[in-house]
>>> print(open('my_file-v7.pdb').read())   # PDB, C-alpha atoms
ATOM      1  CA  MET R   1       9.439  46.326  17.369
ATOM      2  CA  LEU R   2      11.856  45.339  20.087
ATOM      3  CA  ARG R   3      15.572  45.381  19.427
ATOM      4  CA  VAL R   4      18.508  44.671  21.662
ATOM      5  CA  GLY R   5      21.491  46.990  21.639
ATOM      6  CA  HIS R   6      24.873  45.699  22.729
ATOM      7  CA  ARG R   7      28.422  47.009  22.656
ATOM      8  CA  ILE R   8      30.815  44.250  21.716
ATOM      9  CA  GLU R   9      33.675  43.440  24.042
ATOM     10  CA  ARG R  10      36.840  41.495  23.654
ATOM     11  CA  ASP R  11      34.865  38.426  24.614
ATOM     12  CA  LYS R  12      32.690  37.678  21.623
ATOM     13  CA  ARG R  13      31.152  34.621  23.203
ATOM     14  CA  VAL R  14      29.092  36.867  25.481
ATOM     15  CA  THR R  15      27.821  38.810  22.461
ATOM     16  CA  MET R  16      26.748  35.511  20.877
ATOM     17  CA  HIS R  17      24.849  34.660  24.074
ATOM     18  CA  VAL R  18      23.149  38.071  23.986
ATOM     19  CA  PHE R  19      22.054  37.544  20.361
ATOM     20  CA  LEU R  20      20.785  33.997  21.057
ATOM     21  CA  THR R  21      18.841  35.173  24.091
ATOM     22  CA  ALA R  22      17.315  38.095  22.200
ATOM     23  CA  ARG R  23      16.183  35.798  19.381
ATOM     24  CA  ALA R  24      14.868  33.017  21.633
ATOM     25  CA  LEU R  25      12.818  35.560  23.595
ATOM     26  CA  SER R  26      11.117  37.243  20.636
ATOM     27  CA  ALA R  27      13.192  40.357  20.041
ATOM     28  CA  SER R  28      13.108  41.213  16.344
ATOM     29  CA  GLY R  29      16.788  42.015  16.065
ATOM     30  CA  ALA R  30      19.974  43.277  17.629
ATOM     31  CA  ILE R  31      22.166  46.268  16.946
ATOM     32  CA  TYR R  32      25.741  46.055  18.136
ATOM     33  CA  SER R  33      28.519  48.578  18.284
ATOM     34  CA  GLY R  34      32.201  48.569  19.164
ATOM     35  CA  GLN R  35      34.188  46.536  16.691
ATOM     36  CA  LYS R  36      32.479  44.982  13.679
ATOM     37  CA  ASP R  37      32.825  41.209  13.653
ATOM     38  CA  GLY R  38      31.944  39.504  10.397
ATOM     39  CA  ASP R  39      32.788  36.052  11.742
ATOM     40  CA  LEU R  40      30.407  36.416  14.685
ATOM     41  CA  GLU R  41      27.662  37.653  12.351
ATOM     42  CA  ARG R  42      28.150  34.693   9.996
ATOM     43  CA  ARG R  43      28.066  32.161  12.827
ATOM     44  CA  PHE R  44      24.899  33.701  14.175
ATOM     45  CA  GLN R  45      23.274  33.883  10.711
ATOM     46  CA  ALA R  46      23.970  30.156  10.301
ATOM     47  CA  ILE R  47      21.824  29.561  13.392
ATOM     48  CA  VAL R  48      19.046  31.823  12.075
ATOM     49  CA  SER R  49      19.096  30.043   8.738
ATOM     50  CA  GLU R  50      18.766  26.625  10.454
ATOM     51  CA  TRP R  51      16.335  27.481  13.242
ATOM     52  CA  GLY R  52      14.371  30.292  11.619
ATOM     53  CA  GLY R  53      13.750  33.984  11.914
ATOM     54  CA  PRO R  54      13.311  36.741  11.131
ATOM     55  CA  PHE R  55      16.023  38.255  13.312
ATOM     56  CA  GLU R  56      18.178  41.066  12.012
ATOM     57  CA  VAL R  57      21.676  41.743  13.305
ATOM     58  CA  LYS R  58      22.979  45.191  12.462
ATOM     59  CA  TYR R  59      26.300  46.835  13.167
ATOM     60  CA  GLU R  60      26.541  50.552  13.959
ATOM     61  CA  GLU R  61      29.857  52.068  14.865
ATOM     62  CA  SER R  62      28.404  54.645  17.231
ATOM     63  CA  TRP R  63      26.183  53.406  20.072
ATOM     64  CA  LYS R  64      25.316  57.036  20.785
ATOM     65  CA  LYS R  65      23.874  57.502  17.309
ATOM     66  CA  VAL R  66      21.795  54.309  17.699
ATOM     67  CA  ILE R  67      20.287  55.513  20.954
ATOM     68  CA  LYS R  68      19.633  59.077  19.768
ATOM     69  CA  GLU R  69      17.950  57.846  16.563
ATOM     70  CA  TRP R  70      15.837  55.366  18.513
ATOM     71  CA  LYS R  71      14.643  57.994  20.958
ATOM     72  CA  LYS R  72      13.019  59.944  18.101
ATOM     73  CA  ARG R  73      10.523  57.096  17.659
ATOM     74  CA  GLY R  74      10.537  55.023  20.789
ATOM     75  CA  MET R  75      11.875  54.141  24.190
ATOM     76  CA  VAL R  76      15.335  53.137  25.391
ATOM     77  CA  CYS R  77      15.630  50.748  28.360
ATOM     78  CA  HIS R  78      19.114  50.274  29.775
ATOM     79  CA  LEU R  79      19.629  47.210  31.961
ATOM     80  CA  THR R  80      22.033  47.908  34.826
ATOM     81  CA  MET R  81      22.474  46.685  38.396
ATOM     82  CA  TYR R  82      22.402  50.341  39.519
ATOM     83  CA  GLY R  83      18.926  51.109  38.193
ATOM     84  CA  ILE R  84      15.424  51.026  39.570
ATOM     85  CA  ASN R  85      13.540  47.803  40.207
ATOM     86  CA  VAL R  86      12.225  46.125  37.072
ATOM     87  CA  ASP R  87       8.833  45.555  38.730
ATOM     88  CA  ASP R  88       8.340  49.311  39.027
ATOM     89  CA  CYS R  89       8.561  50.136  35.332
ATOM     90  CA  LEU R  90       7.277  47.194  33.247
ATOM     91  CA  ASP R  91       3.754  48.580  32.951
ATOM     92  CA  LYS R  92       5.020  51.889  31.588
ATOM     93  CA  ILE R  93       7.342  50.137  29.131
ATOM     94  CA  ARG R  94       4.657  47.792  27.804
ATOM     95  CA  LYS R  95       2.683  50.804  26.564
ATOM     96  CA  ASN R  96       5.440  51.557  24.065
ATOM     97  CA  LYS R  97       5.679  49.427  20.942
ATOM     98  CA  TYR R  98       9.116  50.559  19.825
ATOM     99  CA  ILE R  99      11.638  49.493  22.429
ATOM    100  CA  LEU R 100      15.423  49.318  22.449
ATOM    101  CA  VAL R 101      16.866  47.256  25.307
ATOM    102  CA  VAL R 102      20.482  48.196  25.899
ATOM    103  CA  VAL R 103      22.643  45.635  27.647
ATOM    104  CA  GLY R 104      26.064  46.885  28.425
ATOM    105  CA  SER R 105      29.393  45.415  28.930
ATOM    106  CA  GLN R 106      31.463  45.846  32.068
ATOM    107  CA  LYS R 107      32.442  49.364  31.139
ATOM    108  CA  VAL R 108      29.256  51.193  30.275
ATOM    109  CA  PRO R 109      29.810  54.868  29.393
ATOM    110  CA  GLY R 110      28.118  57.159  31.916
ATOM    111  CA  GLU R 111      26.254  58.924  29.123
ATOM    112  CA  ILE R 112      24.049  55.878  28.542
ATOM    113  CA  PHE R 113      22.562  56.386  32.012
ATOM    114  CA  ARG R 114      21.555  59.924  31.034
ATOM    115  CA  LEU R 115      20.261  59.055  27.562
ATOM    116  CA  ALA R 116      18.167  56.030  28.576
ATOM    117  CA  ASP R 117      14.497  56.548  29.348
ATOM    118  CA  PHE R 118      14.761  53.872  32.028
ATOM    119  CA  ASN R 119      17.777  52.467  33.854
ATOM    120  CA  ILE R 120      16.447  49.149  35.042
ATOM    121  CA  ALA R 121      17.912  46.743  37.576
ATOM    122  CA  ILE R 122      17.196  43.035  37.278
ATOM    123  CA  GLY R 123      18.271  42.825  40.896
ATOM    124  CA  ASN R 124      20.918  45.163  42.328
ATOM    125  CA  GLN R 125      23.634  42.517  42.437
ATOM    126  CA  PRO R 126      26.585  41.833  40.154
ATOM    127  CA  HIS R 127      25.026  39.960  37.296
ATOM    128  CA  SER R 128      25.387  38.580  33.838
ATOM    129  CA  GLU R 129      24.054  40.844  31.090
ATOM    130  CA  THR R 130      22.725  37.722  29.338
ATOM    131  CA  ALA R 131      20.787  36.711  32.462
ATOM    132  CA  ALA R 132      19.437  40.229  32.965
ATOM    133  CA  LEU R 133      18.262  40.407  29.347
ATOM    134  CA  ALA R 134      16.592  36.990  29.618
ATOM    135  CA  ILE R 135      14.629  37.879  32.739
ATOM    136  CA  PHE R 136      13.687  41.314  31.413
ATOM    137  CA  LEU R 137      12.264  39.922  28.156
ATOM    138  CA  ASP R 138      10.571  36.988  29.899
ATOM    139  CA  ARG R 139       8.793  39.367  32.260
ATOM    140  CA  LEU R 140       8.078  42.034  29.650
ATOM    141  CA  PHE R 141       6.318  39.490  27.432
ATOM    142  CA  GLU R 142       4.749  37.789  30.477
ATOM    143  CA  GLY R 143       6.231  34.409  29.631
ATOM    144  CA  LYS R 144       5.043  34.449  26.013
ATOM    145  CA  GLY R 145       8.437  35.532  24.640
ATOM    146  CA  LEU R 146       9.627  31.926  24.644
ATOM    147  CA  LYS R 147       6.691  30.757  22.534
ATOM    148  CA  ARG R 148       7.472  32.540  19.303
ATOM    149  CA  GLU R 149       6.980  30.536  16.106
ATOM    150  CA  PHE R 150       9.935  31.043  13.777
ATOM    151  CA  GLU R 151       9.590  31.326  10.021
ATOM    152  CA  ASP R 152      11.595  29.318   7.477
ATOM    153  CA  ALA R 153      13.130  27.004  10.070
ATOM    154  CA  LYS R 154      14.916  23.977   8.655
ATOM    155  CA  MET R 155      15.042  22.313  12.079
ATOM    156  CA  LYS R 156      12.633  22.053  14.948
ATOM    157  CA  VAL R 157      12.896  20.360  18.341
ATOM    158  CA  VAL R 158      10.232  17.895  19.406
ATOM    159  CA  PRO R 159      10.252  18.155  23.222
ATOM    160  CA  GLN R 160      11.263  14.909  24.962
ATOM    161  CA  GLU R 161      11.343  13.717  28.553
ATOM    162  CA  LYS R 162      14.654  11.963  27.861
ATOM    163  CA  GLY R 163      17.007  12.480  24.950
ATOM    164  CA  LYS R 164      16.944  14.645  21.848
ATOM    165  CA  LYS R 165      14.556  14.698  18.906
ATOM    166  CA  VAL R 166      14.883  17.110  16.022
ATOM    167  CA  VAL R 167      12.780  17.111  12.860
ATOM    168  CA  TYR R 168      14.057  18.489   9.556
ATOM    169  CA  ARG R 169      11.748  20.148   7.101
TER     170      ARG R 169
ATOM    171  CA  MET S   1      18.858  23.960  49.266
ATOM    172  CA  LEU S   2      19.255  24.797  45.618
ATOM    173  CA  ARG S   3      22.601  24.363  43.917
ATOM    174  CA  VAL S   4      23.646  24.843  40.345
ATOM    175  CA  GLY S   5      25.802  22.229  38.647
ATOM    176  CA  HIS S   6      27.963  23.216  35.709
ATOM    177  CA  ARG S   7      30.682  21.570  33.671
ATOM    178  CA  ILE S   8      33.424  24.041  32.913
ATOM    179  CA  GLU S   9      34.405  24.639  29.325
ATOM    180  CA  ARG S  10      37.342  26.228  27.661
ATOM    181  CA  ASP S  11      35.504  29.501  27.979
ATOM    182  CA  LYS S  12      35.646  30.382  31.653
ATOM    183  CA  ARG S  13      33.774  33.625  31.208
ATOM    184  CA  VAL S  14      30.550  31.675  30.692
ATOM    185  CA  THR S  15      31.157  29.771  33.930
ATOM    186  CA  MET S  16      31.580  33.096  35.735
ATOM    187  CA  HIS S  17      28.243  34.246  34.286
ATOM    188  CA  VAL S  18      26.597  31.034  35.482
ATOM    189  CA  PHE S  19      27.955  31.536  39.016
ATOM    190  CA  LEU S  20      26.878  35.216  39.108
ATOM    191  CA  THR S  21      23.402  34.340  37.886
ATOM    192  CA  ALA S  22      23.030  31.505  40.407
ATOM    193  CA  ARG S  23      24.059  33.813  43.268
ATOM    194  CA  ALA S  24      21.935  36.785  42.165
ATOM    195  CA  LEU S  25      18.876  34.531  41.904
ATOM    196  CA  SER S  26      19.127  32.932  45.344
ATOM    197  CA  ALA S  27      20.820  29.603  44.689
ATOM    198  CA  SER S  28      22.897  28.642  47.726
ATOM    199  CA  GLY S  29      25.905  27.478  45.767
ATOM    200  CA  ALA S  30      27.373  25.951  42.654
ATOM    201  CA  ILE S  31      29.227  22.743  41.983
ATOM    202  CA  TYR S  32      31.375  22.638  38.890
ATOM    203  CA  SER S  33      33.253  19.857  37.192
ATOM    204  CA  GLY S  34      35.633  19.520  34.280
ATOM    205  CA  GLN S  35      38.892  21.281  34.990
ATOM    206  CA  LYS S  36      39.497  22.887  38.385
ATOM    207  CA  ASP S  37      40.160  26.605  38.066
ATOM    208  CA  GLY S  38      41.593  28.294  41.151
ATOM    209  CA  ASP S  39      41.801  31.666  39.443
ATOM    210  CA  LEU S  40      38.108  31.652  38.522
ATOM    211  CA  GLU S  41      37.194  30.615  42.076
ATOM    212  CA  ARG S  42      39.283  33.431  43.558
ATOM    213  CA  ARG S  43      37.780  36.049  41.258
ATOM    214  CA  PHE S  44      34.310  34.876  42.138
ATOM    215  CA  GLN S  45      35.069  34.731  45.876
ATOM    216  CA  ALA S  46      36.230  38.347  45.689
ATOM    217  CA  ILE S  47      32.735  39.265  44.464
ATOM    218  CA  VAL S  48      31.091  37.251  47.250
ATOM    219  CA  SER S  49      33.307  38.913  49.834
ATOM    220  CA  GLU S  50      32.359  42.391  48.542
ATOM    221  CA  TRP S  51      28.677  41.881  47.810
ATOM    222  CA  GLY S  52      27.816  39.225  50.395
ATOM    223  CA  GLY S  53      26.766  35.626  50.621
ATOM    224  CA  PRO S  54      26.616  32.897  51.628
ATOM    225  CA  PHE S  55      27.312  31.200  48.315
ATOM    226  CA  GLU S  56      29.531  28.147  48.149
ATOM    227  CA  VAL S  57      31.457  27.158  45.043
ATOM    228  CA  LYS S  58      32.662  23.572  45.052
ATOM    229  CA  TYR S  59      34.720  21.631  42.544
ATOM    230  CA  GLU S  60      34.068  17.937  41.897
ATOM    231  CA  GLU S  61      36.024  16.139  39.219
ATOM    232  CA  SER S  62      33.179  13.802  38.296
ATOM    233  CA  TRP S  63      29.842  15.347  37.324
ATOM    234  CA  LYS S  64      28.371  11.846  37.372
ATOM    235  CA  LYS S  65      29.245  11.399  41.039
ATOM    236  CA  VAL S  66      27.683  14.795  41.872
ATOM    237  CA  ILE S  67      24.407  13.856  40.207
ATOM    238  CA  LYS S  68      24.249  10.346  41.649
ATOM    239  CA  GLU S  69      24.940  11.600  45.183
ATOM    240  CA  TRP S  70      22.354  14.366  44.822
ATOM    241  CA  LYS S  71      19.678  11.946  43.666
ATOM    242  CA  LYS S  72      19.897  10.081  46.996
ATOM    243  CA  ARG S  73      18.462  13.144  48.744
ATOM    244  CA  GLY S  74      16.817  15.341  46.156
ATOM    245  CA  MET S  75      15.933  16.178  42.606
ATOM    246  CA  VAL S  76      18.051  16.863  39.532
ATOM    247  CA  CYS S  77      16.747  19.301  36.905
ATOM    248  CA  HIS S  78      18.710  19.472  33.669
ATOM    249  CA  LEU S  79      18.110  22.542  31.499
ATOM    250  CA  THR S  80      18.227  21.703  27.805
ATOM    251  CA  MET S  81      16.588  22.992  24.646
ATOM    252  CA  TYR S  82      15.478  19.397  23.901
ATOM    253  CA  GLY S  83      13.443  18.934  27.072
ATOM    254  CA  ILE S  84       9.837  19.405  28.074
ATOM    255  CA  ASN S  85       8.283  22.835  28.580
ATOM    256  CA  VAL S  86       9.291  24.520  31.823
ATOM    257  CA  ASP S  87       5.650  25.481  32.511
ATOM    258  CA  ASP S  88       4.702  21.803  32.681
ATOM    259  CA  CYS S  89       7.017  20.850  35.533
ATOM    260  CA  LEU S  90       7.537  23.822  37.876
ATOM    261  CA  ASP S  91       4.763  22.785  40.274
ATOM    262  CA  LYS S  92       6.266  19.326  40.730
ATOM    263  CA  ILE S  93       9.754  20.757  41.231
ATOM    264  CA  ARG S  94       8.652  23.313  43.824
ATOM    265  CA  LYS S  95       7.518  20.475  46.105
ATOM    266  CA  ASN S  96      11.132  19.377  46.481
ATOM    267  CA  LYS S  97      13.419  21.374  48.751
ATOM    268  CA  TYR S  98      16.705  19.862  47.622
ATOM    269  CA  ILE S  99      17.253  20.760  43.995
ATOM    270  CA  LEU S 100      20.269  20.555  41.707
ATOM    271  CA  VAL S 101      19.902  22.544  38.489
ATOM    272  CA  VAL S 102      22.332  21.277  35.883
ATOM    273  CA  VAL S 103      23.257  23.675  33.105
ATOM    274  CA  GLY S 104      25.389  22.108  30.482
ATOM    275  CA  SER S 105      27.874  23.260  28.043
ATOM    276  CA  GLN S 106      27.610  22.749  24.305
ATOM    277  CA  LYS S 107      28.567  19.106  24.551
ATOM    278  CA  VAL S 108      26.389  17.573  27.223
ATOM    279  CA  PRO S 109      26.996  13.837  27.719
ATOM    280  CA  GLY S 110      23.911  11.802  26.789
ATOM    281  CA  GLU S 111      23.926  10.141  30.194
ATOM    282  CA  ILE S 112      22.819  13.375  31.877
ATOM    283  CA  PHE S 113      19.512  13.133  30.017
ATOM    284  CA  ARG S 114      18.959   9.672  31.510
ATOM    285  CA  LEU S 115      20.088  10.546  35.043
ATOM    286  CA  ALA S 116      18.115  13.803  35.399
ATOM    287  CA  ASP S 117      14.679  13.677  36.993
ATOM    288  CA  PHE S 118      13.558  16.406  34.599
ATOM    289  CA  ASN S 119      14.995  17.554  31.286
ATOM    290  CA  ILE S 120      13.560  21.036  31.013
ATOM    291  CA  ALA S 121      13.436  23.366  28.034
ATOM    292  CA  ILE S 122      13.425  27.114  28.571
ATOM    293  CA  GLY S 123      12.129  27.339  25.035
ATOM    294  CA  ASN S 124      13.127  24.794  22.387
ATOM    295  CA  GLN S 125      15.474  27.160  20.573
ATOM    296  CA  PRO S 126      19.269  27.474  20.606
ATOM    297  CA  HIS S 127      19.919  29.392  23.765
ATOM    298  CA  SER S 128      22.428  30.617  26.275
ATOM    299  CA  GLU S 129      22.793  28.402  29.355
ATOM    300  CA  THR S 130      23.096  31.572  31.440
ATOM    301  CA  ALA S 131      19.781  32.877  30.072
ATOM    302  CA  ALA S 132      18.058  29.534  30.600
ATOM    303  CA  LEU S 133      19.272  29.360  34.201
ATOM    304  CA  ALA S 134      18.124  32.931  34.869
ATOM    305  CA  ILE S 135      14.599  32.335  33.577
ATOM    306  CA  PHE S 136      14.304  28.974  35.310
ATOM    307  CA  LEU S 137      15.260  30.394  38.730
ATOM    308  CA  ASP S 138      13.168  33.539  38.253
ATOM    309  CA  ARG S 139      10.099  31.442  37.497
ATOM    310  CA  LEU S 140      10.830  28.757  40.116
ATOM    311  CA  PHE S 141      11.012  31.398  42.853
ATOM    312  CA  GLU S 142       8.122  33.337  41.309
ATOM    313  CA  GLY S 143      10.136  36.530  40.980
ATOM    314  CA  LYS S 144      11.365  36.485  44.591
ATOM    315  CA  GLY S 145      14.755  35.020  43.691
ATOM    316  CA  LEU S 146      16.057  38.489  42.848
ATOM    317  CA  LYS S 147      15.105  39.872  46.255
ATOM    318  CA  ARG S 148      17.510  37.918  48.433
ATOM    319  CA  GLU S 149      19.225  39.871  51.216
ATOM    320  CA  PHE S 150      22.914  38.993  51.317
ATOM    321  CA  GLU S 151      24.877  38.630  54.539
ATOM    322  CA  ASP S 152      28.177  40.343  55.314
ATOM    323  CA  ALA S 153      28.085  42.565  52.241
ATOM    324  CA  LYS S 154      30.646  45.358  52.203
ATOM    325  CA  MET S 155      28.862  47.112  49.338
ATOM    326  CA  LYS S 156      25.249  47.700  48.467
ATOM    327  CA  VAL S 157      23.593  49.464  45.554
ATOM    328  CA  VAL S 158      21.082  52.228  46.203
ATOM    329  CA  PRO S 159      18.794  52.080  43.160
ATOM    330  CA  GLN S 160      18.866  55.268  41.056
ATOM    331  CA  GLU S 161      16.887  56.566  38.109
ATOM    332  CA  LYS S 162      20.109  57.962  36.604
ATOM    333  CA  GLY S 163      23.664  57.125  37.540
ATOM    334  CA  LYS S 164      25.273  54.866  40.126
ATOM    335  CA  LYS S 165      25.122  54.959  43.891
ATOM    336  CA  VAL S 166      26.878  52.433  46.109
ATOM    337  CA  VAL S 167      27.103  52.530  49.894
ATOM    338  CA  TYR S 168      29.965  50.922  51.797
ATOM    339  CA  ARG S 169      29.461  49.420  55.220
TER     340      ARG S 169
END
>>> encode(input="my_file-v7.pdb", output="structure tokens")
Amino acid sequence: MLRVGHRIERDKRVTMHVFLTARALSASGAIYSGQKDGDLERRFQAIVSEWGGPFEVKYEESWKKVIKEWKKRGMVCHLTMYGINVDDCLDKIRKNKYILVVVGSQKVPGEIFRLADFNIAIGNQPHSETAALAIFLDRLFEGKGLKREFEDAKMKVVPQEKGKKVVYR
Amino acid sequence: MLRVGHRIERDKRVTMHVFLTARALSASGAIYSGQKDGDLERRFQAIVSEWGGPFEVKYEESWKKVIKEWKKRGMVCHLTMYGINVDDCLDKIRKNKYILVVVGSQKVPGEIFRLADFNIAIGNQPHSETAALAIFLDRLFEGKGLKREFEDAKMKVVPQEKGKKVVYR
């Protein structure tokens, strides 16, 4: 099981991007903390119900509780521009089957750095957390993350050289 | 030369993420259209002046003009969930040295699909344009995009297992 943990910010659009990226790249769900946002959850569930799942979004008030609970069973990977090179830890991470990938916001509490099993840099430059998550999952799954088949999808894209084609089931 | 083209939306935060991702992954600049935003440009230039460059941000009112001009010299790759699989076109794209990667917004004009040399899907699922751009550049540069050395940087991260370390020059 791979879940993505995210602390919601004022800008909910970024949280939506994080959820979409997690789903498209084969994470099984996301856990978010900060402020609960029913509207965001409903808009995202509408996408899951059209394009398929499963993908569970869960709210937990305390990010600390989420991380501490997760560590009892698995591994916590925190993506940050201050961490060690992603190439140096992927092999160790792949051995674990129960992974929480934490993508922060601009103000990540210092305690996350201490609690995480790995603080991982997708490059040591200012970045987008959505971009960092995308590259991390793409590399972790060795390119296969994008090839997931979704269950109960009402819509499916038929790839085209020009234009758009969607089939409805 | 690889530039990223983007049409600005109401949500400027996403445009900032697109610029950051383009820079962190070795694009040489970005061209944006839609509404000119001096404040966004200044905030981004502040990052370039701290963390290094070069990275040029240019505004052009007409995205159509940008694409048509680019096509005289190079190749236009449009990232879209409706396109063909990224794995099927990377080899052809790598042969070209003058590439414009267009990442759209939610409402991409149909004409872009016709004008682009390649309409490329980073997975055929609803996605984040920032995530799609990140994976495309990471794969195009075969992982080396993240390793660019920036010129005239005032700050540089020293990778750490725990915590943050930045050196100032």
>>> resolve_selection(input="my_file-v7.pdb", expression="the ChimeraX specification (/S :<8) & /R", output="ChimeraX atom specification")
/R:14,17-18,20-21,24,47,51,81-85,110,113-114,118-119,121-128,130-135,138,146-147,156-165
>>> resolve_selection(input="my_file-v7.pdb", expression="the PyMOL selection byres ((chain R and resi 29) around 12)", output="PyMOL selection string")
chain R and resi 1-6+18-28+30-32+44-45+48+53-59+99-101
>>> residues_around(input="my_file-v7.pdb", residues="Lys72 of chain S", least_positions_apart="2", cutoff="12 Å", atoms="all atoms listed in the file", output="PyMOL selection string")
chain S and resi 65-70+74-76+98-100+115+117
>>> axis_aligned_box(input="my_file-v7.pdb", around="segment 118-135 of chain R", padding_each_side="4 Å", output="lines of an AutoDock Vina configuration file")
center_x = 20.6
center_y = 45.3
center_z = 35.9
size_x = 20.0
size_y = 25.2
size_z = 21.1
>>> atom_distance(input="my_file-v7.pdb", atom1="atom CA of Lys154 of chain S", atom2="atom CA of Glu50 of chain S")
5.0 Å
>>> atom_distance(input="my_file-v7.pdb", atom1="atom CA of Asp37 of chain S", atom2="atom CA of Lys12 of chain S")
8.7 Å
>>> atom_distance(input="my_file-v7.pdb", atom1="atom CA of Thr15 of chain S", atom2="atom CA of Val102 of chain S")
12.4 Å
>>> residues_around(input="my_file-v7.pdb", residues="Arg7 of chain S", least_positions_apart="6", cutoff="10 Å", atoms="only C-alpha atoms", output="list of chain:residue names")
S:Thr15, S:Ile31, S:Tyr32, S:Ser33, S:Gly34, S:Gln35, S:Tyr59, S:Glu60, S:Glu61, S:Ser62, S:Trp63, S:Val102, S:Val103, S:Gly104, S:Ser105, S:Gln106, S:Lys107, S:Val108
>>> closest_residue(input="my_file-v7.pdb", among="R:Lys36, R:Pro109, R:Glu149, R:Leu140", to="Asp88 of chain R", atoms="only C-alpha atoms")
R:Leu140
